[in-house]
$ cat protein-v2.txt   # compact mmCIF, C-alpha atoms
# COMPACT_ATOMS: atom_id res chain seq x y z
CA MET M 1 28.59 11.61 -1.81
CA PRO M 2 27.14 9.30 0.90
CA SER M 3 29.41 8.37 3.76
CA PRO M 4 30.99 4.90 3.69
CA VAL M 5 28.51 2.16 4.52
CA PRO M 6 29.44 0.05 7.56
CA SER M 7 29.80 -3.69 7.19
CA ALA M 8 27.40 -6.05 8.96
CA SER M 9 30.06 -6.59 11.63
CA GLN M 10 29.94 -2.85 12.41
CA THR M 11 26.15 -2.81 12.66
CA PRO M 12 24.74 -2.88 16.20
CA VAL M 13 23.70 -6.48 16.89
CA PRO M 14 20.01 -6.71 17.87
CA THR M 15 19.08 -7.82 21.36
CA GLY M 16 17.17 -11.08 21.45
CA PRO M 17 15.21 -13.15 21.72
CA LEU M 18 13.69 -12.32 18.34
CA LEU M 19 10.50 -13.93 17.09
CA VAL M 20 10.60 -14.48 13.31
CA THR M 21 7.30 -15.30 11.62
CA GLY M 22 7.72 -17.13 8.33
CA GLY M 23 11.29 -17.98 9.29
CA ALA M 24 11.07 -21.28 7.38
CA GLY M 25 10.50 -19.39 4.13
CA TYR M 26 12.89 -18.00 1.56
CA ILE M 27 13.92 -14.59 2.91
CA GLY M 28 13.06 -15.47 6.50
CA SER M 29 15.43 -18.45 6.63
CA HIS M 30 18.34 -16.38 5.30
CA THR M 31 17.64 -13.65 7.86
CA VAL M 32 17.44 -16.15 10.74
CA ARG M 33 20.73 -17.66 9.65
CA LEU M 34 22.43 -14.24 9.65
CA LEU M 35 21.05 -13.38 13.08
CA ARG M 36 22.13 -16.69 14.57
CA SER M 37 25.60 -16.33 13.06
CA LEU M 38 25.92 -13.18 15.18
CA GLY M 39 24.79 -14.99 18.31
CA VAL M 40 21.26 -13.54 18.38
CA GLU M 41 18.64 -15.86 19.93
CA THR M 42 15.83 -16.43 17.45
CA ILE M 43 12.49 -18.23 17.63
CA VAL M 44 11.06 -19.25 14.26
CA VAL M 45 7.26 -19.34 14.09
CA ASP M 46 5.88 -20.89 10.91
CA ASP M 47 2.91 -23.07 9.99
CA LEU M 48 4.94 -24.75 7.18
CA SER M 49 2.13 -24.14 4.68
CA THR M 50 4.73 -22.75 2.28
CA GLY M 51 7.90 -22.84 4.37
CA HIS M 52 10.28 -25.76 4.78
CA ALA M 53 11.30 -27.40 8.05
CA ALA M 54 14.70 -28.21 6.53
CA ALA M 55 15.38 -24.49 6.13
CA VAL M 56 14.84 -23.76 9.83
CA ASP M 57 17.94 -22.90 11.81
CA GLY M 58 17.50 -23.21 15.56
CA ASP M 59 14.48 -22.89 17.83
CA PHE M 60 11.17 -23.57 16.06
CA GLU M 61 7.47 -23.49 16.93
CA GLN M 62 4.98 -24.71 14.34
CA LEU M 63 2.12 -22.29 14.85
CA ASP M 64 -0.68 -20.84 12.76
CA LEU M 65 -0.94 -17.06 13.07
CA GLY M 66 -4.68 -17.49 12.70
CA ASP M 67 -4.76 -18.95 16.23
CA LEU M 68 -4.68 -15.81 18.36
CA GLU M 69 -4.71 -17.61 21.71
CA ALA M 70 -1.83 -19.89 20.74
CA LEU M 71 0.06 -16.85 19.47
CA LYS M 72 -0.51 -14.94 22.71
CA ASP M 73 0.64 -17.99 24.67
CA CYS M 74 3.82 -18.14 22.58
CA PHE M 75 4.57 -14.49 23.34
CA GLN M 76 3.93 -14.96 27.05
CA ARG M 77 6.22 -17.98 27.22
CA ARG M 78 8.98 -16.67 24.98
CA ARG M 79 8.89 -12.95 25.82
CA PRO M 80 10.52 -11.79 22.56
CA ALA M 81 12.27 -8.45 22.51
CA ALA M 82 11.25 -7.81 18.89
CA VAL M 83 9.51 -9.40 15.89
CA VAL M 84 10.51 -9.86 12.26
CA HIS M 85 7.35 -10.51 10.24
CA PHE M 86 7.77 -12.43 6.97
CA ALA M 87 4.68 -14.67 7.09
CA ALA M 88 2.31 -13.83 4.24
CA ARG M 89 0.85 -15.05 0.98
CA CYS M 90 2.76 -13.55 -1.94
CA TYR M 91 1.43 -14.47 -5.41
CA VAL M 92 -0.05 -11.53 -7.30
CA GLY M 93 -2.08 -13.66 -9.73
CA GLU M 94 -3.45 -15.90 -6.99
CA SER M 95 -4.48 -12.82 -5.00
CA VAL M 96 -6.67 -11.74 -7.92
CA THR M 97 -8.50 -15.06 -8.14
CA ASP M 98 -8.64 -15.71 -4.36
CA PRO M 99 -8.49 -12.36 -2.53
CA ALA M 100 -10.23 -13.76 0.56
CA SER M 101 -7.25 -15.94 1.42
CA TYR M 102 -4.95 -12.92 1.13
CA TYR M 103 -7.00 -10.69 3.41
CA LEU M 104 -7.13 -13.53 5.91
CA ALA M 105 -3.46 -14.57 5.84
CA ASN M 106 -1.95 -11.13 5.37
CA VAL M 107 -4.24 -8.63 7.07
CA HIS M 108 -6.14 -10.60 9.73
CA HIS M 109 -3.14 -12.68 10.78
CA THR M 110 -1.04 -9.52 11.08
CA TRP M 111 -3.72 -8.04 13.33
CA ASN M 112 -3.44 -11.19 15.48
CA LEU M 113 0.32 -10.74 15.62
CA LEU M 114 0.05 -7.10 16.65
CA GLU M 115 -2.48 -7.97 19.35
CA ALA M 116 -0.19 -10.68 20.72
CA MET M 117 2.69 -8.18 20.73
CA ARG M 118 0.55 -5.60 22.52
CA ALA M 119 -0.52 -8.09 25.17
CA ALA M 120 3.14 -8.97 25.82
CA ASP M 121 4.34 -5.34 25.65
CA CYS M 122 6.60 -6.19 22.70
CA ARG M 123 7.02 -2.93 20.75
CA ASP M 124 9.49 -3.44 17.88
CA ILE M 125 8.65 -5.06 14.53
CA VAL M 126 10.36 -5.25 11.15
CA PHE M 127 7.82 -5.95 8.42
CA SER M 128 8.35 -7.55 5.02
CA SER M 129 6.51 -5.15 2.70
CA SER M 130 6.68 -4.85 -1.08
CA CYS M 131 7.09 -2.47 -3.99
CA ALA M 132 3.66 -3.82 -5.03
CA THR M 133 2.20 -1.21 -2.66
CA TYR M 134 3.10 1.46 -5.26
CA GLY M 135 0.97 0.03 -8.08
CA GLU M 136 1.46 1.28 -11.63
CA PRO M 137 4.63 3.40 -11.79
CA GLN M 138 3.93 7.09 -12.26
CA PHE M 139 7.68 7.66 -12.51
CA VAL M 140 10.77 5.46 -12.48
CA PRO M 141 12.76 4.86 -10.38
CA LEU M 142 10.18 4.55 -7.62
CA THR M 143 11.15 6.49 -4.52
CA GLU M 144 9.49 6.06 -1.15
CA ASP M 145 7.48 9.21 -1.91
CA HIS M 146 5.79 7.59 -4.92
CA PRO M 147 2.00 7.37 -4.36
CA GLN M 148 0.94 4.03 -2.92
CA LEU M 149 -1.91 2.95 -5.20
CA PRO M 150 -1.69 -0.85 -5.40
CA ILE M 151 -3.60 -2.59 -8.18
CA SER M 152 -3.58 -6.21 -6.94
CA PRO M 153 -5.14 -7.63 -3.79
CA TYR M 154 -1.63 -8.74 -2.79
CA GLY M 155 -0.34 -5.16 -2.97
CA LYS M 156 -3.45 -3.86 -1.24
CA THR M 157 -3.01 -6.27 1.68
CA LYS M 158 0.63 -5.24 2.09
CA LEU M 159 -0.45 -1.60 2.19
CA HIS M 160 -3.18 -2.42 4.73
CA MET M 161 -0.49 -4.04 6.85
CA GLU M 162 1.64 -0.89 6.65
CA HIS M 163 -1.37 1.19 7.67
CA MET M 164 -2.01 -1.07 10.67
CA LEU M 165 1.58 -0.67 11.81
CA ASP M 166 1.33 3.10 11.51
CA ASP M 167 -1.95 3.22 13.47
CA TYR M 168 -0.58 0.95 16.22
CA ALA M 169 2.52 3.13 16.40
CA ARG M 170 0.43 6.25 16.92
CA ALA M 171 -1.95 4.70 19.45
CA TYR M 172 0.15 2.14 21.33
CA GLY M 173 3.78 3.16 20.97
CA LEU M 174 4.74 0.47 18.43
CA ARG M 175 8.04 1.03 16.61
CA PHE M 176 8.20 -0.42 13.12
CA ALA M 177 10.22 -0.71 9.94
CA ALA M 178 8.41 -1.43 6.66
CA LEU M 179 10.93 -2.71 4.13
CA ARG M 180 9.58 -2.53 0.58
CA TYR M 181 11.37 -5.21 -1.43
CA PHE M 182 11.84 -5.22 -5.14
CA ASN M 183 12.80 -8.61 -6.73
CA ALA M 184 14.39 -10.92 -4.15
CA ALA M 185 16.73 -13.42 -5.79
CA GLY M 186 19.74 -15.66 -5.25
CA ALA M 187 20.65 -18.10 -2.48
CA SER M 188 23.13 -18.45 0.34
CA ALA M 189 26.74 -18.39 -0.81
CA ASP M 190 27.37 -21.94 0.46
CA GLY M 191 24.35 -23.40 -1.36
CA ARG M 192 22.55 -24.55 1.79
CA LEU M 193 19.57 -22.19 1.62
CA GLY M 194 17.70 -21.07 -1.45
CA GLU M 195 14.43 -20.36 -3.22
CA VAL M 196 11.85 -23.17 -3.22
CA HIS M 197 8.28 -22.26 -4.17
CA GLU M 198 5.36 -24.38 -5.29
CA PRO M 199 4.35 -23.28 -7.82
CA GLU M 200 7.49 -21.46 -8.92
CA THR M 201 6.79 -18.13 -10.61
CA HIS M 202 10.10 -16.27 -10.36
CA LEU M 203 12.25 -15.80 -13.44
CA ILE M 204 15.66 -16.94 -12.23
CA PRO M 205 14.62 -20.30 -10.74
CA LEU M 206 12.36 -20.91 -13.75
CA ALA M 207 15.30 -20.39 -16.10
CA LEU M 208 17.47 -22.68 -13.99
CA GLN M 209 14.77 -25.36 -13.98
CA VAL M 210 15.11 -25.42 -17.77
CA ALA M 211 18.86 -25.94 -17.37
CA LEU M 212 18.16 -28.82 -14.98
CA GLY M 213 15.84 -30.47 -17.49
CA GLN M 214 12.75 -29.86 -15.36
CA ARG M 215 11.14 -27.61 -17.99
CA ALA M 216 11.42 -27.77 -21.76
CA GLU M 217 11.57 -24.01 -22.28
CA LEU M 218 11.16 -20.63 -20.64
CA LEU M 219 8.28 -18.34 -21.53
CA ILE M 220 9.00 -14.63 -21.98
CA PHE M 221 5.86 -12.56 -21.42
CA GLY M 222 6.17 -9.84 -24.05
CA GLY M 223 9.05 -8.91 -26.31
CA ASP M 224 7.88 -5.51 -27.56
CA TYR M 225 8.24 -3.27 -24.48
CA ASP M 226 9.90 0.12 -24.69
CA THR M 227 13.21 -1.20 -23.37
CA PRO M 228 16.56 -1.77 -25.14
CA ASP M 229 15.83 -5.44 -25.94
CA GLY M 230 12.02 -5.34 -25.76
CA THR M 231 11.71 -7.34 -22.52
CA CYS M 232 10.73 -6.07 -19.06
CA ILE M 233 13.39 -4.69 -16.72
CA ARG M 234 13.33 -5.49 -13.01
CA ASP M 235 15.46 -4.61 -9.96
CA TYR M 236 16.97 -7.83 -8.52
CA ILE M 237 18.27 -7.82 -4.95
CA HIS M 238 20.26 -10.66 -3.44
CA VAL M 239 18.49 -12.40 -0.58
CA GLU M 240 21.56 -12.06 1.65
CA ASP M 241 21.51 -8.29 1.08
CA LEU M 242 17.86 -8.32 2.18
CA ALA M 243 18.79 -10.24 5.33
CA ASP M 244 21.43 -7.61 6.11
CA ALA M 245 18.82 -4.85 5.79
CA HIS M 246 16.62 -6.59 8.39
CA LEU M 247 19.55 -6.78 10.78
CA ARG M 248 20.15 -3.07 10.40
CA ALA M 249 16.47 -2.18 10.78
CA LEU M 250 16.23 -4.16 14.01
CA GLY M 251 19.25 -2.34 15.39
CA LYS M 252 17.71 1.03 14.53
CA LEU M 253 14.39 0.24 16.19
CA GLN M 254 16.03 -1.07 19.34
CA ALA M 255 18.14 2.10 19.45
CA GLY M 256 14.93 4.14 19.58
CA THR M 257 13.96 4.92 15.97
CA GLN M 258 10.16 5.12 15.81
CA CYS M 259 9.37 4.49 12.15
CA LEU M 260 11.22 3.43 9.01
CA GLN M 261 9.69 3.02 5.55
CA VAL M 262 12.36 2.23 2.97
CA ASN M 263 12.80 0.63 -0.43
CA LEU M 264 15.20 -2.27 -0.80
CA GLY M 265 16.60 -2.51 -4.30
CA THR M 266 19.75 -1.71 -6.22
CA GLY M 267 18.43 1.14 -8.35
CA ASP M 268 19.73 -0.73 -11.39
CA GLY M 269 17.83 -3.24 -13.45
CA TYR M 270 18.22 -6.24 -15.70
CA SER M 271 15.90 -7.23 -18.51
CA VAL M 272 14.34 -10.65 -18.85
CA GLN M 273 16.67 -11.32 -21.77
CA GLU M 274 19.72 -10.27 -19.73
CA VAL M 275 18.69 -12.66 -16.96
CA ILE M 276 18.31 -15.50 -19.45
CA ASP M 277 21.73 -14.72 -20.93
CA GLY M 278 23.20 -14.73 -17.40
CA ALA M 279 21.60 -18.11 -16.69
CA ARG M 280 23.10 -19.46 -19.92
CA ARG M 281 26.56 -18.26 -18.84
CA ALA M 282 26.25 -19.79 -15.37
CA THR M 283 24.91 -23.15 -16.48
CA GLY M 284 26.40 -23.69 -19.92
CA HIS M 285 22.91 -24.70 -21.05
CA PRO M 286 21.18 -23.09 -24.06
CA ILE M 287 17.93 -22.52 -22.07
CA PRO M 288 15.40 -22.34 -24.91
CA ALA M 289 13.05 -19.38 -24.52
CA ARG M 290 9.91 -18.37 -26.36
CA ILE M 291 8.14 -15.00 -26.43
CA VAL M 292 4.41 -15.14 -25.69
CA GLU M 293 1.75 -12.49 -25.04
CA ARG M 294 2.28 -9.88 -22.37
CA ARG M 295 0.80 -10.40 -18.94
CA PRO M 296 -1.79 -7.76 -17.99
CA GLY M 297 -0.37 -5.06 -15.74
CA ASP M 298 3.34 -5.74 -16.31
CA PRO M 299 5.10 -2.34 -16.51
CA PRO M 300 8.18 -2.07 -18.74
CA ARG M 301 10.45 -1.05 -15.82
CA LEU M 302 10.37 -1.39 -12.04
CA LEU M 303 13.40 0.11 -10.34
CA ALA M 304 13.99 1.19 -6.76
CA GLY M 305 14.79 4.82 -6.12
CA GLY M 306 15.61 6.96 -3.13
CA SER M 307 18.45 6.98 -0.63
CA ARG M 308 16.59 6.26 2.60
CA ALA M 309 18.12 2.80 2.99
CA ILE M 310 21.61 4.33 2.83
CA GLU M 311 20.78 7.32 5.01
CA GLN M 312 18.58 5.63 7.61
CA LEU M 313 19.95 2.06 7.73
CA GLY M 314 23.53 2.51 6.56
CA TRP M 315 22.74 -0.20 4.00
CA GLN M 316 23.82 -0.86 0.46
CA PRO M 317 23.55 -4.06 -1.58
CA ARG M 318 26.86 -5.93 -1.75
CA ARG M 319 26.04 -9.23 -3.49
CA SER M 320 23.42 -8.10 -6.02
CA ASP M 321 25.45 -8.30 -9.20
CA LEU M 322 23.40 -10.38 -11.64
CA ASP M 323 26.09 -13.01 -12.24
CA ALA M 324 26.61 -13.48 -8.48
CA ILE M 325 22.86 -13.81 -7.90
CA ILE M 326 22.45 -16.42 -10.63
CA GLN M 327 25.57 -18.38 -9.65
CA ASP M 328 24.41 -18.66 -6.03
CA ALA M 329 20.93 -19.73 -7.17
CA TRP M 330 22.45 -22.31 -9.52
CA ASN M 331 24.68 -23.73 -6.79
CA PHE M 332 21.65 -24.23 -4.57
CA MET M 333 19.44 -25.72 -7.25
CA ARG M 334 22.11 -28.19 -8.38
CA ALA M 335 22.48 -29.34 -4.77
CA HIS M 336 18.68 -29.42 -4.23
CA PRO M 337 17.11 -30.16 -7.64
CA LYS M 338 13.83 -31.15 -6.02
CA GLY M 339 13.92 -28.59 -3.24
CA TYR M 340 14.67 -29.34 0.38
CA ASP M 341 13.24 -32.86 0.09
CA VAL M 342 16.43 -34.14 -1.55

$ encode --input "protein-v2.txt" --output "structure tokens"
Amino acid sequence: MPSPVPSASQTPVPTGPLLVTGGAGYIGSHTVRLLRSLGVETIVVDDLSTGHAAAVDGDFEQLDLGDLEALKDCFQRRRPAAVVHFAARCYVGESVTDPASYYLANVHHTWNLLEAMRAADCRDIVFSSSCATYGEPQFVPLTEDHPQLPISPYGKTKLHMEHMLDDYARAYGLRFAALRYFNAAGASADGRLGEVHEPETHLIPLALQVALGQRAELLIFGGDYDTPDGTCIRDYIHVEDLADAHLRALGKLQAGTQCLQVNLGTGDGYSVQEVIDGARRATGHPIPARIVERRPGDPPRLLAGGSRAIEQLGWQPRRSDLDAIIQDAWNFMRAHPKGYDV
């Protein structure tokens, strides 16, 4: 049996200032909020191409990671003790039709970031990676030892970014944590921060948009998979649990850990139909849904495996029950039906 997992209050608080790229985005904004609630100085760096100024908590610099000189200047002025790197493009389908933009925004801009860190002798970075680096599942659940054979340009760029971190660690003394997310979901418990994407592609907000009258129906991509109800099963992890994992990873790096590569998921899964049923319970809306053809490359199950997050970070998900995830998302979307603009 694993030893009891410490609460966030028992986790060593990182030493700031911390520079958070993409801190105006979904997971970044929740992580910044957690850090600031613990008194950690944070500097949000975001170009607002997909992030939202209204989601920024605290010190903010609008900066394009493509501008290496401006990035180096920021590091020289701010002298961050560590970096949390969320900034990236993240749509699998878009990466297939426009891979150039993904190699630019994800790989080249990360190289810029690492060069700015090296010039400022900043050595610690927590990186927002993805289970997309594994590609088609050869076994489920996917442990950290699963072969990394990504099939989309998005997954390939995330793996390139991991390789860069590893090479910089070996050559220049960088210390890094690569956190491989499964399906981030939910919103802050008070409804102030949540998931706002344009276009929206994630199941839970899409279902809730139907309940809000913003969509007529929800499309289910495939109803004949080898699962109990015929729909795909995914591992949903509450965004506040993800934020907690970043806090713990920062503490480990600053305590001297050289390298962490861990999955972040629950190890359990919910089917598309179970998510829709949960959204119906939370909203009281029938949420019409229609089965259409499968999407190419969608595996029947994607579940996180392994115990590295428990063993190496002292982390376990605490808010990732499906009903809690959907209720938090619903609270946010009712308060912000048109995103942060309202």

$ closest_residue --input "protein-v2.txt" --among "M:Met161, M:Ala255, M:Cys131, M:Ala211" --to "Phe86 in chain M" --atoms "only C-alpha atoms"
M:Met161

$ residues_around --input "protein-v2.txt" --residues "range 114-116 of chain M" --least-positions-apart "5" --cutoff "9 Å" --atoms "only C-alpha atoms" --output "JSON, numbers by chain"
{"M": [68, 69, 71, 72, 73, 74, 75, 76, 109, 121, 122, 164, 165, 168]}

$ residues_around --input "protein-v2.txt" --residues "range 278-289 of chain M" --least-positions-apart "4" --cutoff "8 Å" --atoms "only C-alpha atoms" --output "ChimeraX atom specification"
/M:204,207-208,210-211,216-220,274,322-323,326-327,330

$ residues_around --input "protein-v2.txt" --residues "Ala100 in chain M" --least-positions-apart "4" --cutoff "12 Å" --atoms "all atoms listed in the file" --output "ChimeraX atom specification"
/M:89,94-96,104-108,153-154,157

$ atom_distance --input "protein-v2.txt" --atom1 "CA of Leu18 in chain M" --atom2 "CA of Val40 in chain M"
7.7 Å

$ closest_residue --input "protein-v2.txt" --among "M:Tyr181, M:Tyr225, M:Phe127, M:Phe332" --to "His238 in chain M" --atoms "all atoms listed in the file"
M:Tyr181

$ residues_around --input "protein-v2.txt" --residues "Asp268 in chain M" --least-positions-apart "5" --cutoff "8 Å" --atoms "all atoms listed in the file" --output "list in words"
Asp235, Leu303 and Ala304 of chain M

$ write_last_selection --input "protein-v2.txt" --atoms "C-alpha atoms" --output "CSV table (one decimal), in the coordinates of the input"
chain,number,residue,atom,x,y,z
M,235,ASP,CA,15.5,-4.6,-10.0
M,303,LEU,CA,13.4,0.1,-10.3
M,304,ALA,CA,14.0,1.2,-6.8

$ residues_around --input "protein-v2.txt" --residues "Thr31 in chain M" --least-positions-apart "5" --cutoff "8 Å" --atoms "only C-alpha atoms" --output "list in words"
Gly23, Glu240, Leu242, Ala243, Asp244, His246 and Leu247 of chain M

$ write_last_selection --input "protein-v2.txt" --atoms "C-alpha atoms" --output "PDB file, in the frame of the given file"
ATOM      1  CA  GLY M  23      11.290 -17.980   9.290  1.00  0.00           C
ATOM      2  CA  GLU M 240      21.560 -12.060   1.650  1.00  0.00           C
ATOM      3  CA  LEU M 242      17.860  -8.320   2.180  1.00  0.00           C
ATOM      4  CA  ALA M 243      18.790 -10.240   5.330  1.00  0.00           C
ATOM      5  CA  ASP M 244      21.430  -7.610   6.110  1.00  0.00           C
ATOM      6  CA  HIS M 246      16.620  -6.590   8.390  1.00  0.00           C
ATOM      7  CA  LEU M 247      19.550  -6.780  10.780  1.00  0.00           C
TER       8      LEU M 247
END

$ build_atoms --input "protein-v2.txt" --residues "range 265-284 of chain M" --atoms "N, CA and C atoms" --output "mmCIF file, keeping the file's coordinate frame"
data_model
loop_
_atom_site.group_PDB
_atom_site.id
_atom_site.type_symbol
_atom_site.label_atom_id
_atom_site.label_comp_id
_atom_site.auth_asym_id
_atom_site.auth_seq_id
_atom_site.Cartn_x
_atom_site.Cartn_y
_atom_site.Cartn_z
ATOM 1 N N GLY M 265 16.272 -2.143 -2.924
ATOM 2 C CA GLY M 265 16.600 -2.510 -4.300
ATOM 3 C C GLY M 265 17.959 -1.938 -4.631
ATOM 4 N N THR M 266 18.430 -2.197 -5.839
ATOM 5 C CA THR M 266 19.750 -1.710 -6.220
ATOM 6 C C THR M 266 19.699 -0.370 -6.929
ATOM 7 N N GLY M 267 18.529 -0.034 -7.517
ATOM 8 C CA GLY M 267 18.430 1.140 -8.350
ATOM 9 C C GLY M 267 18.825 0.877 -9.789
ATOM 10 N N ASP M 268 19.393 -0.293 -10.036
ATOM 11 C CA ASP M 268 19.730 -0.730 -11.390
ATOM 12 C C ASP M 268 18.761 -1.849 -11.775
ATOM 13 N N GLY M 269 18.745 -2.189 -13.033
ATOM 14 C CA GLY M 269 17.830 -3.240 -13.450
ATOM 15 C C GLY M 269 18.417 -4.110 -14.534
ATOM 16 N N TYR M 270 17.840 -5.301 -14.646
ATOM 17 C CA TYR M 270 18.220 -6.240 -15.700
ATOM 18 C C TYR M 270 16.944 -6.666 -16.419
ATOM 19 N N SER M 271 17.042 -6.790 -17.743
ATOM 20 C CA SER M 271 15.900 -7.230 -18.510
ATOM 21 C C SER M 271 15.741 -8.738 -18.416
ATOM 22 N N VAL M 272 14.569 -9.212 -18.800
ATOM 23 C CA VAL M 272 14.340 -10.650 -18.850
ATOM 24 C C VAL M 272 15.386 -11.326 -19.730
ATOM 25 N N GLN M 273 15.679 -10.722 -20.864
ATOM 26 C CA GLN M 273 16.670 -11.320 -21.770
ATOM 27 C C GLN M 273 18.050 -11.331 -21.143
ATOM 28 N N GLU M 274 18.420 -10.286 -20.407
ATOM 29 C CA GLU M 274 19.720 -10.270 -19.730
ATOM 30 C C GLU M 274 19.803 -11.347 -18.660
ATOM 31 N N VAL M 275 18.705 -11.594 -17.963
ATOM 32 C CA VAL M 275 18.690 -12.660 -16.960
ATOM 33 C C VAL M 275 18.873 -14.021 -17.630
ATOM 34 N N ILE M 276 18.180 -14.234 -18.734
ATOM 35 C CA ILE M 276 18.310 -15.500 -19.450
ATOM 36 C C ILE M 276 19.751 -15.685 -19.937
ATOM 37 N N ASP M 277 20.346 -14.630 -20.478
ATOM 38 C CA ASP M 277 21.730 -14.720 -20.930
ATOM 39 C C ASP M 277 22.666 -15.039 -19.761
ATOM 40 N N GLY M 278 22.396 -14.436 -18.585
ATOM 41 C CA GLY M 278 23.200 -14.730 -17.400
ATOM 42 C C GLY M 278 23.055 -16.179 -16.971
ATOM 43 N N ALA M 279 21.824 -16.706 -17.043
ATOM 44 C CA ALA M 279 21.600 -18.110 -16.690
ATOM 45 C C ALA M 279 22.320 -19.039 -17.674
ATOM 46 N N ARG M 280 22.362 -18.658 -18.932
ATOM 47 C CA ARG M 280 23.100 -19.460 -19.920
ATOM 48 C C ARG M 280 24.592 -19.467 -19.606
ATOM 49 N N ARG M 281 25.133 -18.316 -19.202
ATOM 50 C CA ARG M 281 26.560 -18.260 -18.840
ATOM 51 C C ARG M 281 26.846 -19.136 -17.626
ATOM 52 N N ALA M 282 25.996 -19.061 -16.609
ATOM 53 C CA ALA M 282 26.250 -19.790 -15.370
ATOM 54 C C ALA M 282 26.138 -21.292 -15.548
ATOM 55 N N THR M 283 25.204 -21.726 -16.385
ATOM 56 C CA THR M 283 24.910 -23.150 -16.480
ATOM 57 C C THR M 283 25.546 -23.842 -17.676
ATOM 58 N N GLY M 284 25.925 -23.072 -18.695
ATOM 59 C CA GLY M 284 26.400 -23.690 -19.920
ATOM 60 C C GLY M 284 25.309 -24.372 -20.713
#
